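Peer 1: File protein.tsv follows (TSV, C-alpha atoms):
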chain	number	residue	atom	x	y	z
A	1	MET	CA	0.00	0.00	0.00
A	2	ASN	CA	1.37	3.41	-1.01
A	3	ILE	CA	0.77	6.06	1.64
A	4	VAL	CA	1.47	9.80	1.35
A	5	VAL	CA	1.97	11.96	4.45
A	6	CYS	CA	1.27	15.58	3.54
A	7	VAL	CA	3.10	18.03	5.80
A	8	LYS	CA	3.65	21.78	6.04
A	9	ILE	CA	7.17	22.91	6.94
A	10	GLU	CA	6.88	26.28	8.62
A	11	PRO	CA	9.01	28.72	10.63
A	12	ASP	CA	9.19	28.36	14.39
A	13	LEU	CA	7.53	31.72	15.13
A	14	PRO	CA	7.65	31.43	18.96
A	15	MET	CA	11.44	31.70	18.75
A	16	LEU	CA	11.12	35.32	17.53
A	17	SER	CA	11.76	38.00	20.13
A	18	VAL	CA	9.54	41.02	20.68
A	19	SER	CA	12.05	43.19	18.80
A	20	ASP	CA	11.85	40.79	15.83
A	21	TRP	CA	8.06	41.11	15.75
A	22	LEU	CA	8.24	44.90	15.95
A	23	ALA	CA	10.71	44.94	13.05
A	24	VAL	CA	8.40	42.71	10.99
A	25	GLU	CA	5.46	45.03	11.71
A	26	GLN	CA	7.49	47.99	10.44
A	27	GLY	CA	8.52	46.12	7.30
A	28	GLU	CA	12.24	46.20	8.14
A	29	VAL	CA	13.08	42.48	8.17
A	30	GLU	CA	11.56	39.15	7.25
A	31	CYS	CA	11.13	36.22	9.62
A	32	ASP	CA	12.77	33.82	7.16
A	33	PHE	CA	15.69	33.30	9.54
A	34	ALA	CA	13.46	31.36	11.96
A	35	ARG	CA	14.14	27.63	12.18
A	36	ARG	CA	11.91	25.45	9.99
A	37	GLN	CA	9.92	22.61	11.55
A	38	LEU	CA	6.71	20.59	11.38
A	39	SER	CA	3.72	21.66	13.43
A	40	GLY	CA	2.77	19.39	16.32
A	41	PHE	CA	-0.21	18.08	14.36
A	42	ASP	CA	1.91	17.18	11.33
A	43	GLN	CA	4.43	15.48	13.61
A	44	SER	CA	1.62	13.35	15.00
A	45	ALA	CA	0.42	12.46	11.51
A	46	ALA	CA	3.95	11.48	10.46
A	47	GLU	CA	4.48	9.41	13.60
A	48	MET	CA	1.17	7.64	13.02
A	49	ALA	CA	2.28	6.78	9.49
A	50	LEU	CA	5.63	5.46	10.73
A	51	GLY	CA	3.67	2.82	12.63
A	52	LEU	CA	2.88	1.41	9.18
A	53	ALA	CA	6.55	0.83	8.35
A	54	ALA	CA	5.81	-2.24	6.24
A	55	GLN	CA	4.06	0.01	3.70
A	56	ARG	CA	5.64	2.42	1.23
A	57	LEU	CA	5.66	5.84	2.89
A	58	THR	CA	6.12	9.09	0.98
A	59	LEU	CA	6.51	12.58	2.46
A	60	LEU	CA	4.97	15.41	0.45
A	61	THR	CA	5.21	19.15	1.00
A	62	VAL	CA	4.59	22.30	-1.01
A	63	GLY	CA	7.29	24.91	-0.51
A	64	ASP	CA	10.60	26.43	-1.53
A	65	GLU	CA	14.15	25.20	-0.95
A	66	LYS	CA	14.10	26.30	2.71
A	67	THR	CA	12.12	23.13	3.42
A	68	THR	CA	14.94	20.86	2.19
A	69	PRO	CA	16.85	20.41	5.51
A	70	VAL	CA	13.70	19.29	7.30
A	71	LEU	CA	12.81	16.84	4.54
A	72	LYS	CA	16.34	15.43	4.63
A	73	ALA	CA	16.07	14.91	8.38
A	74	LEU	CA	12.71	13.18	7.99
A	75	LEU	CA	14.14	10.85	5.34
A	76	ALA	CA	16.41	9.49	8.07
A	77	LEU	CA	13.32	7.85	9.55
A	78	ASP	CA	11.43	5.08	7.72
A	79	PHE	CA	10.08	7.21	4.89
A	80	GLN	CA	11.17	5.75	1.56
A	81	ARG	CA	10.72	8.96	-0.40
A	82	ALA	CA	10.37	12.73	0.05
A	83	VAL	CA	8.74	14.98	-2.55
A	84	ARG	CA	8.74	18.76	-2.62
A	85	ILE	CA	6.43	20.60	-5.00
A	86	GLU	CA	8.49	23.65	-5.92
A	87	ILE	CA	6.89	27.02	-5.26
A	88	SER	CA	8.37	30.48	-5.58
A	89	PRO	CA	9.70	32.05	-2.35
A	90	MET	CA	7.57	35.08	-3.24
A	91	ALA	CA	4.34	33.08	-3.31
A	92	ASP	CA	2.33	33.31	-0.10
A	93	VAL	CA	0.01	30.30	0.16
A	94	ARG	CA	-0.33	30.19	3.95
A	95	PHE	CA	-3.98	31.19	3.70
A	96	SER	CA	-4.79	29.30	0.48
A	97	PRO	CA	-5.71	25.71	1.42
A	98	ASP	CA	-7.54	25.39	-1.90
A	99	HIS	CA	-4.29	26.08	-3.77
A	100	ILE	CA	-2.34	23.54	-1.69
A	101	ALA	CA	-5.08	20.93	-2.11
A	102	GLY	CA	-4.99	21.52	-5.87
A	103	GLN	CA	-1.23	20.93	-5.98
A	104	ILE	CA	-1.55	17.68	-4.01
A	105	ALA	CA	-4.38	16.55	-6.31
A	106	ALA	CA	-2.17	17.27	-9.34
A	107	PHE	CA	0.59	15.14	-7.75
A	108	TYR	CA	-1.89	12.27	-7.32
A	109	ARG	CA	-2.99	12.51	-10.95
A	110	GLN	CA	0.65	12.11	-12.00
A	111	GLU	CA	1.16	9.17	-9.62
A	112	PRO	CA	-2.25	7.54	-9.09
A	113	ASP	CA	-0.85	4.47	-7.33
A	114	HIS	CA	-1.11	6.26	-3.96
A	115	SER	CA	-4.32	5.34	-2.15
A	116	VAL	CA	-4.00	6.87	1.34
A	117	MET	CA	-3.32	10.54	2.15
A	118	ILE	CA	-2.58	11.45	5.79
A	119	PHE	CA	-2.69	15.04	7.11
A	120	GLY	CA	-2.26	16.84	10.39
A	121	SER	CA	-5.38	18.69	11.46
A	122	GLN	CA	-3.87	22.17	11.02
A	123	THR	CA	-0.65	24.16	10.79
A	124	SER	CA	0.57	26.86	13.14
A	125	GLU	CA	0.72	29.55	10.44
A	126	GLY	CA	-2.49	29.40	8.45
A	127	GLN	CA	-4.57	27.31	10.88
A	128	ASN	CA	-7.01	26.73	8.01
A	129	ARG	CA	-8.03	23.15	8.89
A	130	GLN	CA	-9.31	22.75	5.32
A	131	THR	CA	-6.58	21.28	3.12
A	132	GLY	CA	-7.35	17.59	3.71
A	133	LEU	CA	-11.09	18.16	3.39
A	134	LEU	CA	-10.67	20.09	0.15
A	135	LEU	CA	-8.40	17.39	-1.29
A	136	ALA	CA	-11.01	14.72	-0.51
A	137	GLU	CA	-13.61	16.86	-2.27
A	138	ILE	CA	-11.40	17.29	-5.35
A	139	LEU	CA	-10.55	13.58	-5.61
A	140	GLY	CA	-14.00	12.34	-4.60
A	141	TRP	CA	-12.54	10.28	-1.74
A	142	PRO	CA	-14.04	9.67	1.69
A	143	CYS	CA	-12.41	11.63	4.51
A	144	LEU	CA	-12.08	10.79	8.21
A	145	THR	CA	-11.14	13.41	10.79
A	146	GLN	CA	-9.92	13.08	14.39
A	147	VAL	CA	-8.01	9.88	13.51
A	148	CYS	CA	-5.97	8.50	16.42
A	149	ASP	CA	-4.80	5.10	15.12
A	150	ILE	CA	-4.31	3.31	11.79
A	151	GLN	CA	-3.70	-0.38	11.14
A	152	VAL	CA	-3.28	-2.20	7.82
A	153	LEU	CA	-5.26	-5.43	7.58
A	154	GLU	CA	-5.16	-8.21	5.04
A	155	GLU	CA	-6.65	-7.79	1.57
A	156	GLY	CA	-5.74	-4.10	1.45
A	157	LEU	CA	-8.13	-3.00	4.19
A	158	LEU	CA	-7.53	-0.37	6.88
A	159	ARG	CA	-8.72	-0.35	10.47
A	160	VAL	CA	-9.01	3.27	11.57
A	161	LYS	CA	-9.84	4.61	15.01
A	162	ARG	CA	-11.23	8.12	15.32
A	163	ARG	CA	-12.26	9.99	18.43
A	164	THR	CA	-15.62	11.72	18.57
A	165	ALA	CA	-16.98	13.94	21.33
A	166	GLU	CA	-18.44	10.90	23.14
A	167	TYR	CA	-16.51	7.77	22.17
A	168	VAL	CA	-13.88	6.20	19.93
A	169	GLN	CA	-15.10	4.79	16.63
A	170	THR	CA	-13.37	1.81	15.01
A	171	LEU	CA	-13.95	1.60	11.26
A	172	THR	CA	-12.80	-0.94	8.68
A	173	LEU	CA	-12.56	0.49	5.18
A	174	ARG	CA	-10.96	0.02	1.82
A	175	PRO	CA	-8.82	2.83	0.36
A	176	PRO	CA	-8.68	5.32	-1.25
A	177	VAL	CA	-9.20	7.61	1.71
A	178	VAL	CA	-8.00	10.87	3.24
A	179	LEU	CA	-7.16	10.61	6.95
A	180	ILE	CA	-6.72	13.65	9.21
A	181	ALA	CA	-4.96	13.15	12.54
A	182	GLY	CA	-6.96	14.28	15.55
A	183	GLN	CA	-5.96	16.76	18.21
A	184	ASP	CA	-5.62	14.09	20.88
A	185	THR	CA	-2.62	12.70	18.96
A	186	GLN	CA	-0.64	15.81	19.88
A	187	GLY	CA	1.05	13.74	22.58
A	188	SER	CA	2.52	11.42	19.90
A	189	LEU	CA	5.24	13.71	18.62
A	190	LEU	CA	7.64	12.60	15.93
A	191	ARG	CA	10.60	10.43	16.90
A	192	ILE	CA	14.10	11.87	16.47
A	193	PRO	CA	16.48	10.12	14.03
A	194	THR	CA	19.78	8.88	15.38
A	195	LEU	CA	23.14	9.88	13.91
A	196	LYS	CA	23.42	6.42	12.35
A	197	GLN	CA	20.05	6.87	10.64
A	198	LYS	CA	21.05	10.31	9.37
A	199	LEU	CA	24.26	8.95	7.86
A	200	ALA	CA	22.40	6.04	6.26
A	201	ALA	CA	19.87	8.42	4.71
A	202	ALA	CA	22.43	10.95	3.45
A	203	GLY	CA	22.31	9.51	-0.04
A	204	LYS	CA	18.54	9.36	-0.36
A	205	PRO	CA	17.34	11.65	-3.17
A	206	LEU	CA	14.80	14.42	-2.73
A	207	ASP	CA	12.31	14.65	-5.57
A	208	VAL	CA	11.47	18.22	-6.63
A	209	LEU	CA	8.41	18.62	-8.84
A	210	PRO	CA	7.29	21.78	-10.65
A	211	VAL	CA	4.25	23.60	-9.33
A	212	GLN	CA	1.13	23.07	-11.43
A	213	PRO	CA	-0.62	26.07	-13.05
A	214	ILE	CA	-3.54	26.65	-10.71
A	215	PRO	CA	-5.29	30.04	-10.39
A	216	GLU	CA	-3.79	32.14	-7.62
A	217	SER	CA	-5.82	32.74	-4.49
A	218	PRO	CA	-6.85	36.37	-3.82
A	219	ARG	CA	-5.93	36.06	-0.13
A	220	ARG	CA	-2.78	37.95	0.81
A	221	LEU	CA	-1.06	38.65	4.09
A	222	ILE	CA	-1.10	42.42	4.59
A	223	GLY	CA	0.36	42.69	8.09
A	224	LEU	CA	1.60	41.00	11.24
A	225	ARG	CA	0.92	42.11	14.79
A	226	LEU	CA	2.20	40.71	18.07
A	227	ASN	CA	-0.66	40.21	20.52
A	228	ASP	CA	-0.02	41.51	24.02
A	229	THR	CA	-0.52	38.44	26.23
A	230	ARG	CA	0.46	40.12	29.47
A	231	ARG	CA	-2.20	39.86	32.18
A	232	ALA	CA	-3.28	42.80	34.27
A	233	GLY	CA	-2.29	42.70	37.93
A	234	VAL	CA	-2.89	44.57	41.16
A	235	ILE	CA	-0.31	45.05	43.92
A	236	ILE	CA	-1.92	44.76	47.35
A	237	GLN	CA	-0.20	46.86	49.95
A	238	GLY	CA	-0.52	46.87	53.74
A	239	GLU	CA	1.42	47.12	56.92
A	240	SER	CA	1.28	43.38	57.61
A	241	VAL	CA	0.65	40.09	55.88
A	242	GLN	CA	-2.61	39.71	57.80
A	243	GLU	CA	-3.87	43.08	56.58
A	244	MET	CA	-3.00	42.29	52.95
A	245	ALA	CA	-4.72	38.89	53.24
A	246	ARG	CA	-7.88	40.56	54.60
A	247	THR	CA	-7.81	43.07	51.74
A	248	LEU	CA	-7.43	40.24	49.22
A	249	CYS	CA	-10.38	38.34	50.68
A	250	ARG	CA	-12.64	41.39	51.15
A	251	GLU	CA	-12.09	43.15	47.83
A	252	TYR	CA	-11.26	40.35	45.37
A	253	LEU	CA	-12.36	36.93	46.64
A	254	GLN	CA	-15.47	37.44	48.73
A	255	GLU	CA	-17.65	38.26	45.75
A	256	ARG	CA	-16.65	34.97	44.06
A	257	TRP	CA	-17.43	32.96	47.15
A	258	THR	CA	-20.98	34.37	47.46
A	259	SER	CA	-21.86	34.21	43.74
Re-express the file's structure as structure tokens.
Peer 2:
Amino acid sequence: MNIVVCVKIEPDLPMLSVSDWLAVEQGEVECDFARRQLSGFDQSAAEMALGLAAQRLTLLTVGDEKTTPVLKALLALDFQRAVRIEISPMADVRFSPDHIAGQIAAFYRQEPDHSVMIFGSQTSEGQNRQTGLLLAEILGWPCLTQVCDIQVLEEGLLRVKRRTAEYVQTLTLRPPVVLIAGQDTQGSLLRIPTLKQKLAAAGKPLDVLPVQPIPESPRRLIGLRLNDTRRAGVIIQGESVQEMARTLCREYLQERWTS
């Protein structure tokens, strides 16, 4: 069974300092220097796929050459192949899940032997939560969300567990299918390759495919702003600890106790 894990390689924005964010707001610098990584959801999807090591696993991403080091590191795991759909560094598709889904669908049409597509539920940048659903719509495939476990059975069947609001469903199905990892799989982050694995994978090729001509999305990023997450506080003053404790209880806690 040929399985494709679709991932988004994005900058680690939390590593930016406040001064970096202010500079970005003023248009002085770009945040391209931030380290590239997978989101936690994509890590969970990739780790879930690695549990199917007996199958042929392919990594697929849409991006520029800045994604190459991350793909090379992932190839050190049990992925047999990594594919990057080339896109211009000037193209901003963070908020265009329809464009990304169209590129993945074009890849499938070129290589229709792939029957399972696995996604993380969302990325940290766009947070669209639509790419896998849109791909299923384009290809006419069934789509399962909130997936927490996948097993390959005999005769080409899959046993998939997905978590709903009330219980865990266990479904047996025959591909093709789009599977979207659920949020509860966030605890299953991607394993780290050893130095031996990295050396063994050094010679693995990275396939770079041209982007397909799909109409551009009208959505554009026009600005970035750092949200102020500081919480308001009050300094309670008094001549003694007992007095400050009474002030705390009388003016701030008593109303909560009686409500």
Peer 1: Residues within 8 Å of region 133-147 of chain A, please, as a VMD selection string. Count all atoms listed in the file; anything in the same chain fewer than 2 positions from it doesn't count.
Peer 2: chain A and resid 97 to 98 101 to 102 104 to 105 121 130 to 131 149 to 150 160 to 164 176 to 184
Peer 1: What is the distance between CA of Leu190 (chain A) and CA of Gln43 (chain A), in Å to one decimal?
Peer 2: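 Those two atoms sit 4.9 Å apart.
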Peer 1: What does the structure give for the distance between CA of Ser124 (chain A) and CA of Met15 (chain A), in Å to one decimal?
Peer 2: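 Distance between the two atoms: 13.2 Å.
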Peer 1: Hey, can you check how far CA of Thr68 (chain A) sits from CA of Ala45 (chain A)?
Peer 2: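 Between CA of Thr68 (chain A) and CA of Ala45 (chain A) the gap is 19.2 Å.
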Peer 1: Which one is closest to Ala91 (chain A): A:Ile3, A:Val211, A:Met48, A:Ile236? Count all atoms listed in the file.
Peer 2: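 Ranked by minimum distance to Ala91 (chain A), first place goes to A:Val211.
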Peer 1: Determine the nearest neighbour of Leu157 (chain A) from the options A:Leu75, A:Ser115, A:Gln242, A:Gln127, counting only C-alpha atoms.
Peer 2: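 Closest residue, counting only C-alpha atoms: A:Ser115.
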Peer 1: Neighbouring residues of Arg35 (chain A) were defined as those with any atom within 9 Å, considering all atoms listed in the file; residues of the same chain fewer than 5 positions away were excluded. Please report them as a list in words.
Peer 2: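 With the cut-off at 9 Å, the set is Glu10, Pro11, Asp12, Leu13 and Met15 of chain A.
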Peer 1: Give me the residues within 8 Å of Leu206 (chain A) as an MDAnalysis selection string, counting all atoms listed in the file and dropping any in the same chain fewer than 5 places off.
Peer 2: chainID A and resid 71:72 81:84
Peer 1: Pick the closest to Leu57 (chain A) from A:Arg250, A:His114, A:Arg256, A:Arg231: which is it, counting only C-alpha atoms?
Peer 2: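 Counting only C-alpha atoms, the residue closest to Leu57 (chain A) is A:His114.
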Peer 1: Would you pick out the contacts of Leu209 (chain A) at 10 Å or less, using only C-alpha atoms, so that residues sharing its chain but fewer than 4 positions from it are not included, and give the list as JSON, numbers by chain?
Peer 2: {"A": [62, 83, 84, 85, 86, 87, 107]}
Peer 1: Nearest to Lys198 (chain A) among A:Ala73, A:Glu65, A:Asp228, A:Gly126, with distances taken over only C-alpha atoms: which residue is it?
Peer 2: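 For Lys198 (chain A), the nearest of the candidates is A:Ala73.
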Peer 1: When you count all atoms listed in the file, which of these residues is closest to Ile118 (chain A): A:Cys6, A:Leu74, A:Ala232, A:Ala202?
Peer 2: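 Looking at the shortest contact to Ile118 (chain A), the residue is A:Cys6.
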Peer 1: A:Ala76, A:Thr61, A:Ser19, A:Thr170: which is nearest Leu199 (chain A), counting only C-alpha atoms?
Peer 2: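 Ranked by minimum distance to Leu199 (chain A), first place goes to A:Ala76.
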